[in-house]
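Okay, so here's the structure we're looking at.
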Amino acid sequence: MNLLKVWTAIGMLVVASSTGDILLSAAMKRIGDLDAIRTEHGFLAVIRRVASNRLFLIALGCLIFSFFCLLTALSWGDASLVAPASASLTFICSAVMAKFILHENVDRRRWLAAALVCIGVALLAKSN
Amino acid sequence: MKWKKIFIYAAIACCNGTGDVMLKRGMDDLGQIQMGNWTHIFSAFLNPWIILGIACLTGFFYSYLTALSWADLTFVLPATAMGYVVTAVWSQYFLHEHISMWRWSGVLLITCGVGLVARGPSRTEHPEKIVELEGTKAKAAEIQHELA
């Protein structure tokens with residue numbers, strides 16, 4: 001029962017945070033290079049531009065929701081299970097969404113890396 | 001450019017990993033959240049470990065946004081995975097959770113994956129968009145010429 005609760009929280013966390021990541025990436029590409037904006041117009045301009053972007057605000061909503069799921073999941077399970085399990089699932093989910101929604105060039109090198117990271121994360125979650 | 005990549009990868013990984021461990025430490029103080037009194041979760045914001053964790057994660061978020069502004073999501077994501085390596089190290093030395101050989105081999109695989117992506121290109125170029133843009137520019141110039 002406790003395990004079911006943990007995995008439900010992890011599932012909600014994964015969907016919310018991948019959606020947030022995709023929206024965030026799209027928003028930041030529209031805003032442009034933050035380093036360049038900071039050196040040209042200062043730090044406050046960076047905050048102003050980012051905070052006034054609607055796509056960013058929606059992404060933030062998704063990420064805040066996923067943060068509450070994370071807090072809840074952490075209170076029910078070990079950090080060394082919850083963090084890697086949600087990470088590996090979010091990782092695959094985001095890579096697939098990045099390929100099909102953002103049309104990123106996810107080449108063989110990146111898929112291989114994604115697979116390595118996922119297996120690595122699964123091993124992290126393995127208890128003795 | 002190379003140092004910029006390495007620096008942003010390190011910032012994302014350290015802040016992310018440390019932040020998660022601080023949150024876990026804080027939630028240990030708080031005890032389990034029950035469905036009956038879920039509002040109990042808001043008292044988390046008074047715990048110093050949680051506050052420290054949130055500070056770390058704010059630093060993570062800023063570096064993450066910066067990275068996303070000039071790199072692909074699939075390039076930046078492995079850096080966040082590197083954070084779980086940091087989490088594993090902190091879990092052993094700070095939370096005193098036992099890290100087995102399996103877990104250390106997981107750490108090794110993640111590190112390999114991250115190294116693989118970090119050595120590749122950081123951003124997808126869309127050649128068709130550039131062609132499209134050039135076409136539009138040419139058309140605009142043509143119209144301007146006709147008007148003149």
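For the structure tokens, the naming scheme is as follows: chains receive sequential letters (A, B, ...) according to their order of presentation, residues are indexed from 1 within each chain, and ligands are indexed from 1 in presentation order.
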Exercise for review: Could you please select, counting only C-alpha atoms, the residues of chain B within 9 Å of chain A and state them as a ChimeraX atom specification?
Suggested key: /B:20-21,23-24,27-28,30-33,41,65-75,77-78,80-82,84-85,87-88,91,97-117,120,123-126
Polymer residues at most 9 Å from Gly59 in chain B, only C-alpha atoms, same-chain spacing of 2 or more positions, as a PDB file with C-alpha atoms, in the first residue's frame:
ATOM      1  CA  ALA B  11      26.335  24.304 -11.379  1.00  0.00           C
ATOM      2  CA  ILE B  12      23.193  22.394 -12.382  1.00  0.00           C
ATOM      3  CA  CYS B  15      22.755  22.654  -6.814  1.00  0.00           C
ATOM      4  CA  ASN B  16      20.251  19.983  -7.855  1.00  0.00           C
ATOM      5  CA  ILE B  54      14.853  25.585  -1.634  1.00  0.00           C
ATOM      6  CA  ALA B  55      17.791  28.045  -1.834  1.00  0.00           C
ATOM      7  CA  CYS B  56      19.922  25.372  -3.553  1.00  0.00           C
ATOM      8  CA  LEU B  57      17.098  24.499  -5.920  1.00  0.00           C
ATOM      9  CA  PHE B  61      16.670  26.684 -11.519  1.00  0.00           C
ATOM     10  CA  TYR B  62      18.567  29.807 -12.552  1.00  0.00           C
ATOM     11  CA  SER B  63      21.434  27.810 -14.077  1.00  0.00           C
ATOM     12  CA  TYR B  64      18.909  25.480 -15.728  1.00  0.00           C
TER      13      TYR B  64
END
Exercise for review: Please run DSSP on the backbone and report, as an MDAnalysis selection string, all residues within range 72-121 of chain A that come out as alpha helix (DSSP H).
Suggested key: chainID A and resid 72:76 79:100 108:121
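One finds CA of Met35 in chain B at 26.9 Å from CA of Ile58 in chain A.
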